[in-house]
$ cat start-v4.cif   # mmCIF, C-alpha atoms and all ligand atoms
data_entry
#
loop_
_atom_site.label_atom_id
_atom_site.label_comp_id
_atom_site.auth_asym_id
_atom_site.auth_seq_id
_atom_site.Cartn_x
_atom_site.Cartn_y
_atom_site.Cartn_z
CA MET A 1 12.17 3.55 12.25
CA SER A 2 8.92 5.01 10.93
CA ASP A 3 5.68 3.68 12.44
CA LEU A 4 3.99 3.97 9.07
CA VAL A 5 3.02 0.63 7.58
CA ILE A 6 2.52 2.17 4.16
CA GLU A 7 4.50 5.15 2.98
CA ALA A 8 4.31 6.26 -0.64
CA THR A 9 5.74 9.56 -1.78
CA GLY A 10 5.30 11.33 -5.10
CA LEU A 11 3.70 8.27 -6.66
CA ARG A 12 2.83 8.56 -10.33
CA LYS A 13 1.52 6.07 -12.85
CA GLU A 14 1.12 6.74 -16.54
CA PHE A 15 -0.55 4.31 -18.91
CA ARG A 16 0.13 4.51 -22.62
CA THR A 17 -3.13 4.14 -24.48
CA ARG A 18 -4.07 4.52 -28.13
CA ARG A 19 -5.29 8.00 -27.31
CA GLY A 20 -2.02 9.00 -25.65
CA VAL A 21 -0.74 8.96 -22.10
CA ARG A 22 -3.28 8.53 -19.30
CA VAL A 23 -2.14 9.62 -15.86
CA ALA A 24 -3.92 7.32 -13.39
CA VAL A 25 -2.00 8.41 -10.27
CA ASP A 26 -0.33 11.78 -9.98
CA ASN A 27 2.18 12.84 -7.32
CA LEU A 28 0.31 10.90 -4.64
CA ASP A 29 1.51 10.68 -1.05
CA LEU A 30 -0.06 7.89 0.99
CA ARG A 31 0.81 7.46 4.65
CA VAL A 32 -0.89 4.77 6.68
CA PRO A 33 -0.13 4.60 10.40
CA ALA A 34 0.13 1.26 12.21
CA GLY A 35 -3.05 -0.17 13.74
CA GLY A 36 -6.73 0.13 12.90
CA VAL A 37 -8.50 0.54 9.59
CA HIS A 38 -7.41 3.26 7.16
CA GLY A 39 -9.85 4.17 4.40
CA PHE A 40 -8.61 4.76 0.86
CA LEU A 41 -11.45 6.65 -0.65
CA GLY A 42 -12.13 7.95 -4.12
CA PRO A 43 -14.69 7.74 -6.90
CA ASN A 44 -14.55 5.09 -9.62
CA GLY A 45 -11.49 5.56 -11.76
CA SER A 46 -9.68 7.80 -9.27
CA GLY A 47 -6.62 5.55 -9.07
CA LYS A 48 -7.17 3.39 -5.98
CA THR A 49 -6.62 0.01 -7.63
CA THR A 50 -3.64 1.28 -9.58
CA THR A 51 -2.05 2.56 -6.36
CA ILE A 52 -2.66 -0.75 -4.59
CA ARG A 53 -1.27 -2.69 -7.54
CA MET A 54 1.89 -0.59 -7.40
CA LEU A 55 2.26 -1.18 -3.65
CA LEU A 56 1.99 -4.92 -4.19
CA GLY A 57 4.47 -5.00 -7.07
CA LEU A 58 1.75 -5.79 -9.64
CA ALA A 59 2.32 -2.53 -11.54
CA ARG A 60 5.47 -0.46 -11.88
CA PRO A 61 5.26 3.18 -10.83
CA THR A 62 6.35 5.75 -13.39
CA LYS A 63 7.75 7.83 -10.53
CA GLY A 64 7.85 7.92 -6.73
CA THR A 65 9.00 5.85 -3.79
CA MET A 66 7.11 3.31 -1.68
CA ALA A 67 7.70 1.39 1.54
CA LEU A 68 5.66 -1.37 3.17
CA LEU A 69 6.30 -2.08 6.87
CA GLY A 70 9.40 0.10 6.62
CA GLU A 71 10.91 -1.83 3.69
CA PRO A 72 11.37 -0.09 0.35
CA VAL A 73 9.30 -1.75 -2.36
CA PRO A 74 9.37 -3.17 -4.96
CA ARG A 75 13.08 -3.81 -4.18
CA ARG A 76 12.45 -5.48 -0.79
CA LEU A 77 9.01 -6.88 -1.62
CA PRO A 78 10.14 -10.53 -1.39
CA ALA A 79 11.30 -9.87 2.18
CA VAL A 80 8.10 -8.19 3.27
CA ILE A 81 5.30 -9.81 1.27
CA GLY A 82 4.93 -12.64 3.82
CA ARG A 83 3.75 -10.04 6.35
CA VAL A 84 1.22 -8.48 3.98
CA GLY A 85 -2.14 -9.93 2.95
CA ALA A 86 -4.16 -8.57 0.06
CA VAL A 87 -7.48 -9.17 -1.65
CA VAL A 88 -7.25 -7.31 -4.93
CA GLU A 89 -9.10 -9.67 -7.23
CA SER A 90 -11.37 -12.62 -6.39
CA PRO A 91 -9.12 -15.57 -5.63
CA LYS A 92 -9.83 -18.92 -7.27
CA PHE A 93 -11.38 -21.44 -4.91
CA GLY A 94 -12.53 -24.96 -5.76
CA PRO A 95 -16.34 -24.74 -6.05
CA SER A 96 -16.93 -28.33 -4.88
CA PHE A 97 -14.59 -28.12 -1.90
CA THR A 98 -15.78 -26.78 1.42
CA GLY A 99 -14.46 -23.50 2.75
CA ARG A 100 -12.33 -25.43 5.20
CA GLN A 101 -10.90 -27.75 2.51
CA ASN A 102 -10.09 -24.78 0.27
CA LEU A 103 -8.15 -23.08 3.06
CA THR A 104 -6.41 -26.31 4.08
CA LEU A 105 -5.16 -26.79 0.51
CA LEU A 106 -3.95 -23.21 0.48
CA ALA A 107 -2.27 -23.54 3.89
CA ASP A 108 -0.38 -26.60 2.61
CA ALA A 109 0.60 -24.76 -0.56
CA ILE A 110 2.04 -21.76 1.26
CA GLY A 111 3.50 -23.85 4.08
CA VAL A 112 1.62 -22.56 7.10
CA PRO A 113 0.39 -24.88 9.89
CA THR A 114 -3.13 -26.18 9.24
CA ASP A 115 -4.34 -25.08 12.67
CA ARG A 116 -4.34 -21.58 11.17
CA VAL A 117 -7.26 -22.64 8.97
CA GLU A 118 -9.75 -22.75 11.83
CA TRP A 119 -8.30 -19.58 13.33
CA SER A 120 -8.72 -17.74 10.01
CA LEU A 121 -12.28 -19.02 9.58
CA GLN A 122 -13.04 -17.83 13.07
CA GLN A 123 -11.70 -14.34 12.36
CA VAL A 124 -14.16 -13.89 9.51
CA GLY A 125 -17.10 -15.57 11.26
CA LEU A 126 -17.28 -18.61 8.96
CA MET A 127 -16.75 -21.37 11.52
CA ASP A 128 -20.35 -22.55 11.46
CA ARG A 129 -20.34 -22.74 7.64
CA ARG A 130 -16.82 -24.14 7.25
CA ASN A 131 -18.05 -27.54 6.06
CA ASP A 132 -20.38 -26.15 3.38
CA ARG A 133 -19.24 -26.26 -0.23
CA TYR A 134 -17.81 -23.06 -1.65
CA LYS A 135 -20.41 -22.99 -4.44
CA ALA A 136 -23.16 -22.85 -1.81
CA TYR A 137 -21.69 -19.72 -0.21
CA SER A 138 -23.31 -16.32 -0.62
CA LEU A 139 -21.20 -13.58 -2.24
CA GLY A 140 -20.52 -12.12 1.21
CA MET A 141 -19.32 -15.50 2.48
CA LYS A 142 -17.11 -15.95 -0.59
CA GLN A 143 -15.57 -12.56 0.07
CA ARG A 144 -15.05 -13.45 3.75
CA LEU A 145 -13.35 -16.68 2.69
CA ALA A 146 -11.05 -14.61 0.46
CA ILE A 147 -10.15 -12.50 3.50
CA ALA A 148 -9.68 -15.66 5.60
CA ALA A 149 -7.25 -16.95 2.95
CA THR A 150 -5.08 -13.85 3.38
CA LEU A 151 -5.18 -14.28 7.17
CA LEU A 152 -3.54 -17.72 7.00
CA LYS A 153 -0.13 -16.09 7.17
CA LYS A 154 -1.23 -13.76 10.01
CA PRO A 155 -0.39 -10.58 8.11
CA GLU A 156 0.50 -7.38 9.94
CA LEU A 157 -0.96 -5.40 7.05
CA LEU A 158 -4.07 -6.32 5.12
CA ILE A 159 -4.93 -4.52 1.88
CA LEU A 160 -8.53 -4.86 0.69
CA ASP A 161 -9.57 -3.37 -2.64
CA GLU A 162 -13.31 -2.60 -2.65
CA PRO A 163 -14.18 -5.75 -0.66
CA THR A 164 -17.91 -4.99 -0.57
CA ASN A 165 -18.27 -4.56 -4.30
CA GLY A 166 -21.33 -6.35 -5.64
CA LEU A 167 -22.62 -7.33 -2.20
CA ASP A 168 -26.12 -6.74 -0.89
CA PRO A 169 -26.62 -4.74 2.34
CA ALA A 170 -26.40 -7.89 4.51
CA GLY A 171 -23.17 -8.92 2.79
CA ILE A 172 -21.77 -5.42 3.18
CA ARG A 173 -22.50 -5.52 6.89
CA GLU A 174 -20.79 -8.94 7.27
CA ILE A 175 -17.64 -7.65 5.61
CA ARG A 176 -17.76 -4.39 7.53
CA ASP A 177 -18.00 -6.23 10.87
CA THR A 178 -15.16 -8.54 9.84
CA ILE A 179 -12.92 -5.62 8.88
CA ARG A 180 -13.73 -3.72 12.05
CA ARG A 181 -12.87 -6.78 14.16
CA LEU A 182 -9.58 -7.27 12.34
CA GLY A 183 -8.66 -3.63 12.89
CA GLU A 184 -9.42 -3.97 16.58
CA THR A 185 -7.23 -7.03 16.99
CA GLY A 186 -4.03 -5.37 15.86
CA THR A 187 -3.94 -5.88 12.08
CA THR A 188 -3.58 -2.69 10.09
CA VAL A 189 -6.13 -2.68 7.28
CA LEU A 190 -6.06 -0.49 4.18
CA LEU A 191 -9.64 -0.48 2.95
CA SER A 192 -10.21 0.96 -0.49
CA SER A 193 -13.77 1.99 -1.21
CA HIS A 194 -15.89 4.42 -3.15
CA ILE A 195 -18.64 4.09 -0.55
CA LEU A 196 -18.33 6.95 1.87
CA ALA A 197 -20.61 5.55 4.56
CA GLU A 198 -18.51 2.39 4.66
CA VAL A 199 -15.34 4.33 5.34
CA GLN A 200 -17.02 6.62 7.84
CA GLN A 201 -18.34 3.66 9.83
CA VAL A 202 -15.21 1.54 9.94
CA CYS A 203 -12.16 3.76 9.56
CA ALA A 204 -10.43 5.91 12.14
CA SER A 205 -8.28 7.55 9.47
CA ALA A 206 -8.56 7.92 5.73
CA THR A 207 -6.98 9.24 2.56
CA ILE A 208 -9.26 10.73 -0.06
CA ILE A 209 -8.15 10.89 -3.68
CA GLY A 210 -9.74 12.22 -6.84
CA ASN A 211 -8.35 11.94 -10.38
CA GLY A 212 -5.19 10.33 -9.03
CA HIS A 213 -4.48 13.28 -6.72
CA LEU A 214 -4.42 13.47 -2.95
CA LEU A 215 -7.38 15.51 -1.74
CA ALA A 216 -7.28 14.99 2.02
CA THR A 217 -5.74 12.69 4.57
CA GLY A 218 -5.92 12.31 8.33
CA LYS A 219 -8.28 11.23 11.06
CA VAL A 220 -11.87 10.86 9.86
CA ASP A 221 -13.06 12.83 12.91
CA ASP A 222 -10.80 15.75 11.98
CA MET A 223 -12.00 15.63 8.37
CA LEU A 224 -15.56 15.84 9.57
CA GLY A 225 -14.70 18.78 11.80
CA HIS A 226 -15.82 19.19 15.36
CA GLY A 227 -18.97 21.07 14.58
CA SER A 228 -19.51 24.79 14.51
CA ALA A 229 -23.26 24.26 14.67
CA TYR A 230 -25.40 22.48 17.24
CA ARG A 231 -28.80 20.87 17.09
CA VAL A 232 -30.98 21.95 19.98
CA VAL A 233 -34.19 20.17 20.94
CA VAL A 234 -36.54 22.04 23.27
CA ASP A 235 -40.27 21.99 24.07
CA SER A 236 -40.73 25.56 22.87
CA PRO A 237 -38.57 26.02 19.76
CA GLY A 238 -40.22 29.33 18.78
CA LEU A 239 -39.39 30.96 22.10
CA ALA A 240 -35.91 29.38 22.20
CA GLY A 241 -35.24 30.66 18.69
CA ARG A 242 -36.19 34.21 19.67
CA VAL A 243 -34.10 34.09 22.87
CA LEU A 244 -31.02 32.84 21.04
CA THR A 245 -31.47 35.24 18.12
CA ALA A 246 -31.74 38.12 20.61
CA ALA A 247 -28.48 36.89 22.15
CA GLY A 248 -26.81 37.23 18.75
CA TYR A 249 -26.89 33.64 17.47
CA THR A 250 -27.85 32.54 13.98
CA VAL A 251 -30.69 30.06 14.38
CA THR A 252 -32.43 27.98 11.72
CA GLY A 253 -34.78 25.00 11.74
CA HIS A 254 -33.09 21.60 11.50
CA SER A 255 -34.98 18.28 11.28
CA GLY A 256 -37.66 19.25 13.75
CA ALA A 257 -35.18 20.99 16.02
CA LEU A 258 -33.17 24.20 16.05
CA LYS A 259 -29.76 24.53 14.44
CA VAL A 260 -27.63 27.09 16.22
CA GLU A 261 -24.34 28.33 14.78
CA CYS A 262 -21.93 28.40 17.70
CA SER A 263 -18.69 27.01 19.00
CA HIS A 264 -19.57 27.09 22.73
CA PRO A 265 -22.70 24.99 23.27
CA GLU A 266 -22.47 25.48 27.05
CA GLU A 267 -23.21 29.20 26.47
CA VAL A 268 -26.31 28.30 24.48
CA ASN A 269 -27.39 25.97 27.26
CA ARG A 270 -26.90 28.69 29.88
CA ILE A 271 -28.85 31.30 27.91
CA LEU A 272 -31.73 28.90 27.40
CA GLY A 273 -31.68 27.88 31.07
CA GLU A 274 -31.78 31.50 32.19
CA ALA A 275 -34.90 31.92 30.03
CA GLY A 276 -36.44 28.89 31.72
CA ILE A 277 -36.02 26.68 28.65
CA TRP A 278 -34.39 23.31 29.16
CA ALA A 279 -32.80 21.55 26.22
CA SER A 280 -33.48 17.82 26.02
CA GLU A 281 -30.79 17.48 23.36
CA LEU A 282 -27.75 19.54 22.40
CA SER A 283 -25.59 17.79 19.84
CA PRO A 284 -23.06 18.83 17.20
CA VAL A 285 -24.30 18.95 13.62
CA ARG A 286 -21.47 17.35 11.68
CA PRO A 287 -21.19 16.99 7.96
CA ASP A 288 -20.90 13.41 6.79
CA LEU A 289 -17.97 12.26 4.71
CA GLU A 290 -20.03 12.64 1.57
CA THR A 291 -20.42 16.37 2.17
CA VAL A 292 -16.71 16.68 2.87
CA PHE A 293 -15.89 14.70 -0.23
CA LEU A 294 -18.18 16.66 -2.51
CA GLU A 295 -16.68 19.90 -1.24
CA LEU A 296 -13.20 18.55 -1.96
CA THR A 297 -13.98 17.34 -5.44
CA ALA A 298 -16.47 20.09 -6.26
CA GLY A 299 -18.94 17.93 -8.11
CA ASP A 300 -17.27 14.56 -8.68
CA THR A 301 -19.73 11.72 -8.18
CA LEU A 302 -19.28 9.00 -5.65
CA GLY A 303 -21.02 5.84 -4.64
CA GLY A 304 -22.67 5.31 -8.01
CA PRO A 305 -22.78 2.09 -9.98
CA ARG A 306 -19.50 0.80 -11.35
N1 LIG A 401 -4.03 -1.01 -17.73
C1 LIG A 401 -4.56 0.21 -17.93
N2 LIG A 401 -4.39 0.86 -19.08
C2 LIG A 401 -4.90 2.10 -19.29
N3 LIG A 401 -5.57 2.80 -18.35
C3 LIG A 401 -5.77 2.20 -17.16
C4 LIG A 401 -5.27 0.89 -16.87
N4 LIG A 401 -5.61 0.57 -15.60
C5 LIG A 401 -6.29 1.62 -15.12
N5 LIG A 401 -6.39 2.60 -16.04
C6 LIG A 401 -7.04 3.92 -15.88
O1 LIG A 401 -6.48 4.54 -14.74
C7 LIG A 401 -7.49 5.27 -14.04
C8 LIG A 401 -7.55 4.79 -12.60
O2 LIG A 401 -8.08 3.47 -12.56
P1 LIG A 401 -8.18 2.61 -11.23
O3 LIG A 401 -8.72 1.26 -11.61
O4 LIG A 401 -6.90 2.66 -10.51
O5 LIG A 401 -9.27 3.43 -10.40
P2 LIG A 401 -10.09 3.02 -9.12
O6 LIG A 401 -10.09 4.21 -8.22
O7 LIG A 401 -9.58 1.74 -8.55
O8 LIG A 401 -11.53 2.81 -9.71
P3 LIG A 401 -12.69 1.76 -9.33
O9 LIG A 401 -13.30 2.27 -8.06
O10 LIG A 401 -13.61 1.89 -10.51
O11 LIG A 401 -12.06 0.41 -9.20
C9 LIG A 401 -8.78 5.07 -14.80
O12 LIG A 401 -8.95 6.16 -15.68
C10 LIG A 401 -8.52 3.79 -15.58
O13 LIG A 401 -9.28 3.76 -16.76
#
$ encode --input "start-v4.cif" --output "structure tokens"
Amino acid sequence: MSDLVIEATGLRKEFRTRRGVRVAVDNLDLRVPAGGVHGFLGPNGSGKTTTIRMLLGLARPTKGTMALLGEPVPRRLPAVIGRVGAVVESPKFGPSFTGRQNLTLLADAIGVPTDRVEWSLQQVGLMDRRNDRYKAYSLGMKQRLAIAATLLKKPELLILDEPTNGLDPAGIREIRDTIRRLGETGTTVLLSSHILAEVQQVCASATIIGNGHLLATGKVDDMLGHGSAYRVVVDSPGLAGRVLTAAGYTVTGHSGALKVECSHPEEVNRILGEAGIWASELSPVRPDLETVFLELTAGDTLGGPR
């Protein structure tokens, strides 16, 4: 059996609009391995929500095949949905009930033991605020309660569609820490986002889409590359620059240090050492995901207001 928790192949979704057919998702392959947090990254309108809605049986694909936890969906969705949690839209909670009461009602409704309520609240760091009314929660706490609600059934796969949308930096950090913790404790999380830094900080692997197309997929580290340039900090940058240039390296200034194009930093270190120059720092200069993304989409915008 495949160890992919999500496997979609050749996925396509067309919407009929008054202005004709709009292709929201086009021949998309999405493969999410078991364990950890997988980023699903793309600018606004690139097809993330539509893809997630298809996976969850909320929209019908025009073409393509999909499987969740090894089961073909939508055909086997009823068999598998109990093992999948999702926050796609804000769930409705009773504003005058506490977080704990809201989850207890939900646990009763879906038939899971009520001791899961405290466990779920713990997972999202809401134990100390469990007896506060929902309407007194911050947006970040409301979003964490939504995640806690999906945890009641202890899902193997959790799908979160832009969970930090509309949150302030503190709220974003709360959700980010929650997601990271969940990924570390064995749940596979698909995290859709248009915020590159969010994905870079939390996800080990990611799929990047643009205009409904697959642009890149794999380990985030591989996408960022392993660095063909190094930042070198020395006491005498002028001399170090001349020594390295004489040795055939391309050297430029980089944030108060030297940037040396090379793939063998130990050679650079040796050459400097032989010239009596000791580097206090030698570190790879890596592009961030934003640079990678902009190169892939050649000018699409990301991270802007919705
Ligand atoms: N019901 C619909 N009818 C017509 N077009 C739609 C419908 N739903 C989505 N679309 C279009 O499909 C495209 C993809 O939208 P989708 O919401 O999947 O993108 P997204 O990546 O989730 O964007 P965002 O980050 O803004 O949520 C957009 O052009 C959108 O306008």
$ closest_atom_pairs --input "start-v4.cif" --of "chain A" --to "ligand LIG 401 (chain A)" --cutoff "10 Å" --atoms "only C-alpha atoms and all ligand atoms" --output "Markdown table"
| residue | atom | partner | partner_atom | distance |
| --- | --- | --- | --- | --- |
| A:Lys13 | CA | A:LIG401 | O1 | 8.4 |
| A:Glu14 | CA | A:LIG401 | N3 | 8.0 |
| A:Phe15 | CA | A:LIG401 | C2 | 4.9 |
| A:Arg16 | CA | A:LIG401 | C2 | 6.5 |
| A:Thr17 | CA | A:LIG401 | C2 | 5.9 |
| A:Arg18 | CA | A:LIG401 | C2 | 9.2 |
| A:Arg19 | CA | A:LIG401 | C2 | 10.0 |
| A:Gly20 | CA | A:LIG401 | C2 | 9.8 |
| A:Val21 | CA | A:LIG401 | C2 | 8.5 |
| A:Arg22 | CA | A:LIG401 | N3 | 6.2 |
| A:Val23 | CA | A:LIG401 | O1 | 6.8 |
| A:Ala24 | CA | A:LIG401 | O1 | 4.0 |
| A:Val25 | CA | A:LIG401 | C8 | 7.0 |
| A:Phe40 | CA | A:LIG401 | O6 | 9.2 |
| A:Leu41 | CA | A:LIG401 | O6 | 8.1 |
| A:Gly42 | CA | A:LIG401 | O6 | 5.9 |
| A:Pro43 | CA | A:LIG401 | O9 | 5.8 |
| A:Asn44 | CA | A:LIG401 | O10 | 3.5 |
| A:Gly45 | CA | A:LIG401 | O5 | 3.4 |
| A:Ser46 | CA | A:LIG401 | O6 | 3.8 |
| A:Gly47 | CA | A:LIG401 | O4 | 3.2 |
| A:Lys48 | CA | A:LIG401 | O6 | 3.8 |
| A:Thr49 | CA | A:LIG401 | O7 | 3.5 |
| A:Thr50 | CA | A:LIG401 | O4 | 3.7 |
| A:Thr51 | CA | A:LIG401 | O4 | 6.4 |
| A:Ile52 | CA | A:LIG401 | O4 | 8.0 |
| A:Arg53 | CA | A:LIG401 | O4 | 8.3 |
| A:Met54 | CA | A:LIG401 | O4 | 9.9 |
| A:Ala59 | CA | A:LIG401 | N1 | 9.0 |
| A:Asp161 | CA | A:LIG401 | O7 | 7.8 |
| A:Glu162 | CA | A:LIG401 | O9 | 7.3 |
| A:Asn165 | CA | A:LIG401 | O9 | 9.2 |
| A:Ser192 | CA | A:LIG401 | O7 | 8.1 |
| A:Ser193 | CA | A:LIG401 | O9 | 6.9 |
| A:His194 | CA | A:LIG401 | O9 | 6.0 |
| A:Ile195 | CA | A:LIG401 | O9 | 9.4 |
| A:Ile209 | CA | A:LIG401 | O6 | 8.3 |
| A:Gly210 | CA | A:LIG401 | O6 | 8.1 |
| A:Asn211 | CA | A:LIG401 | C8 | 7.5 |
| A:Gly212 | CA | A:LIG401 | C8 | 7.0 |
| A:Leu302 | CA | A:LIG401 | O9 | 9.3 |
| A:Gly303 | CA | A:LIG401 | O9 | 9.2 |
| A:Gly304 | CA | A:LIG401 | O9 | 9.9 |
| A:Pro305 | CA | A:LIG401 | O10 | 9.2 |
| A:Arg306 | CA | A:LIG401 | O10 | 6.0 |
$ write_last_selection --input "start-v4.cif" --atoms "C-alpha atoms" --output "PDB file, keeping the file's coordinate frame"
ATOM      1  CA  LYS A  13       1.520   6.070 -12.850  1.00  0.00           C
ATOM      2  CA  GLU A  14       1.120   6.740 -16.540  1.00  0.00           C
ATOM      3  CA  PHE A  15      -0.550   4.310 -18.910  1.00  0.00           C
ATOM      4  CA  ARG A  16       0.130   4.510 -22.620  1.00  0.00           C
ATOM      5  CA  THR A  17      -3.130   4.140 -24.480  1.00  0.00           C
ATOM      6  CA  ARG A  18      -4.070   4.520 -28.130  1.00  0.00           C
ATOM      7  CA  ARG A  19      -5.290   8.000 -27.310  1.00  0.00           C
ATOM      8  CA  GLY A  20      -2.020   9.000 -25.650  1.00  0.00           C
ATOM      9  CA  VAL A  21      -0.740   8.960 -22.100  1.00  0.00           C
ATOM     10  CA  ARG A  22      -3.280   8.530 -19.300  1.00  0.00           C
ATOM     11  CA  VAL A  23      -2.140   9.620 -15.860  1.00  0.00           C
ATOM     12  CA  ALA A  24      -3.920   7.320 -13.390  1.00  0.00           C
ATOM     13  CA  VAL A  25      -2.000   8.410 -10.270  1.00  0.00           C
ATOM     14  CA  PHE A  40      -8.610   4.760   0.860  1.00  0.00           C
ATOM     15  CA  LEU A  41     -11.450   6.650  -0.650  1.00  0.00           C
ATOM     16  CA  GLY A  42     -12.130   7.950  -4.120  1.00  0.00           C
ATOM     17  CA  PRO A  43     -14.690   7.740  -6.900  1.00  0.00           C
ATOM     18  CA  ASN A  44     -14.550   5.090  -9.620  1.00  0.00           C
ATOM     19  CA  GLY A  45     -11.490   5.560 -11.760  1.00  0.00           C
ATOM     20  CA  SER A  46      -9.680   7.800  -9.270  1.00  0.00           C
ATOM     21  CA  GLY A  47      -6.620   5.550  -9.070  1.00  0.00           C
ATOM     22  CA  LYS A  48      -7.170   3.390  -5.980  1.00  0.00           C
ATOM     23  CA  THR A  49      -6.620   0.010  -7.630  1.00  0.00           C
ATOM     24  CA  THR A  50      -3.640   1.280  -9.580  1.00  0.00           C
ATOM     25  CA  THR A  51      -2.050   2.560  -6.360  1.00  0.00           C
ATOM     26  CA  ILE A  52      -2.660  -0.750  -4.590  1.00  0.00           C
ATOM     27  CA  ARG A  53      -1.270  -2.690  -7.540  1.00  0.00           C
ATOM     28  CA  MET A  54       1.890  -0.590  -7.400  1.00  0.00           C
ATOM     29  CA  ALA A  59       2.320  -2.530 -11.540  1.00  0.00           C
ATOM     30  CA  ASP A 161      -9.570  -3.370  -2.640  1.00  0.00           C
ATOM     31  CA  GLU A 162     -13.310  -2.600  -2.650  1.00  0.00           C
ATOM     32  CA  ASN A 165     -18.270  -4.560  -4.300  1.00  0.00           C
ATOM     33  CA  SER A 192     -10.210   0.960  -0.490  1.00  0.00           C
ATOM     34  CA  SER A 193     -13.770   1.990  -1.210  1.00  0.00           C
ATOM     35  CA  HIS A 194     -15.890   4.420  -3.150  1.00  0.00           C
ATOM     36  CA  ILE A 195     -18.640   4.090  -0.550  1.00  0.00           C
ATOM     37  CA  ILE A 209      -8.150  10.890  -3.680  1.00  0.00           C
ATOM     38  CA  GLY A 210      -9.740  12.220  -6.840  1.00  0.00           C
ATOM     39  CA  ASN A 211      -8.350  11.940 -10.380  1.00  0.00           C
ATOM     40  CA  GLY A 212      -5.190  10.330  -9.030  1.00  0.00           C
ATOM     41  CA  LEU A 302     -19.280   9.000  -5.650  1.00  0.00           C
ATOM     42  CA  GLY A 303     -21.020   5.840  -4.640  1.00  0.00           C
ATOM     43  CA  GLY A 304     -22.670   5.310  -8.010  1.00  0.00           C
ATOM     44  CA  PRO A 305     -22.780   2.090  -9.980  1.00  0.00           C
ATOM     45  CA  ARG A 306     -19.500   0.800 -11.350  1.00  0.00           C
TER      46      ARG A 306
END
$ closest_residue --input "start-v4.cif" --among "A:Ala197, A:Met127, A:Val87, A:Val234" --to "Leu151 (chain A)" --atoms "all atoms listed in the file"
A:Val87
$ atom_distance --input "start-v4.cif" --atom1 "CA of Leu244 (chain A)" --atom2 "CA of Ser283 (chain A)"
16.0 Å
$ closest_residue --input "start-v4.cif" --among "A:Lys219, A:Lys142, A:Arg130, A:Arg270" --to "Leu289 (chain A)" --atoms "all atoms listed in the file"
A:Lys219
$ residues_around --input "start-v4.cif" --residues "region 257-262 of chain A" --least-positions-apart "2" --cutoff "10 Å" --atoms "all atoms listed in the file" --output "ChimeraX atom specification"
/A:227-238,240-241,244-245,249-255,264-268,281-285
$ build_atoms --input "start-v4.cif" --residues "region 162-173 of chain A" --atoms "N, CA and C atoms" --output "PDB file, keeping the file's coordinate frame"
ATOM      1  N   GLU A 162     -11.854  -2.595  -2.466  1.00  0.00           N
ATOM      2  CA  GLU A 162     -13.310  -2.600  -2.650  1.00  0.00           C
ATOM      3  C   GLU A 162     -13.920  -3.960  -2.269  1.00  0.00           C
ATOM      4  N   PRO A 163     -13.734  -4.393  -1.023  1.00  0.00           N
ATOM      5  CA  PRO A 163     -14.180  -5.750  -0.660  1.00  0.00           C
ATOM      6  C   PRO A 163     -15.693  -5.919  -0.630  1.00  0.00           C
ATOM      7  N   THR A 164     -16.452  -4.833  -0.641  1.00  0.00           N
ATOM      8  CA  THR A 164     -17.910  -4.990  -0.570  1.00  0.00           C
ATOM      9  C   THR A 164     -18.578  -4.827  -1.933  1.00  0.00           C
ATOM     10  N   ASN A 165     -17.735  -4.730  -2.958  1.00  0.00           N
ATOM     11  CA  ASN A 165     -18.270  -4.560  -4.300  1.00  0.00           C
ATOM     12  C   ASN A 165     -19.229  -5.680  -4.693  1.00  0.00           C
ATOM     13  N   GLY A 166     -20.398  -5.335  -5.154  1.00  0.00           N
ATOM     14  CA  GLY A 166     -21.330  -6.350  -5.640  1.00  0.00           C
ATOM     15  C   GLY A 166     -22.113  -7.046  -4.547  1.00  0.00           C
ATOM     16  N   LEU A 167     -21.907  -6.663  -3.290  1.00  0.00           N
ATOM     17  CA  LEU A 167     -22.620  -7.330  -2.200  1.00  0.00           C
ATOM     18  C   LEU A 167     -23.921  -6.609  -1.875  1.00  0.00           C
ATOM     19  N   ASP A 168     -24.879  -7.366  -1.349  1.00  0.00           N
ATOM     20  CA  ASP A 168     -26.120  -6.740  -0.890  1.00  0.00           C
ATOM     21  C   ASP A 168     -25.880  -6.158   0.510  1.00  0.00           C
ATOM     22  N   PRO A 169     -26.846  -5.405   1.044  1.00  0.00           N
ATOM     23  CA  PRO A 169     -26.620  -4.740   2.340  1.00  0.00           C
ATOM     24  C   PRO A 169     -26.198  -5.711   3.453  1.00  0.00           C
ATOM     25  N   ALA A 170     -26.784  -6.932   3.461  1.00  0.00           N
ATOM     26  CA  ALA A 170     -26.400  -7.890   4.510  1.00  0.00           C
ATOM     27  C   ALA A 170     -24.941  -8.305   4.332  1.00  0.00           C
ATOM     28  N   GLY A 171     -24.555  -8.538   3.076  1.00  0.00           N
ATOM     29  CA  GLY A 171     -23.170  -8.920   2.790  1.00  0.00           C
ATOM     30  C   GLY A 171     -22.206  -7.810   3.158  1.00  0.00           C
ATOM     31  N   ILE A 172     -22.607  -6.582   2.854  1.00  0.00           N
ATOM     32  CA  ILE A 172     -21.770  -5.420   3.180  1.00  0.00           C
ATOM     33  C   ILE A 172     -21.561  -5.350   4.691  1.00  0.00           C
ATOM     34  N   ARG A 173     -22.632  -5.596   5.432  1.00  0.00           N
ATOM     35  CA  ARG A 173     -22.500  -5.520   6.890  1.00  0.00           C
ATOM     36  C   ARG A 173     -21.565  -6.627   7.413  1.00  0.00           C
TER      37      ARG A 173
END
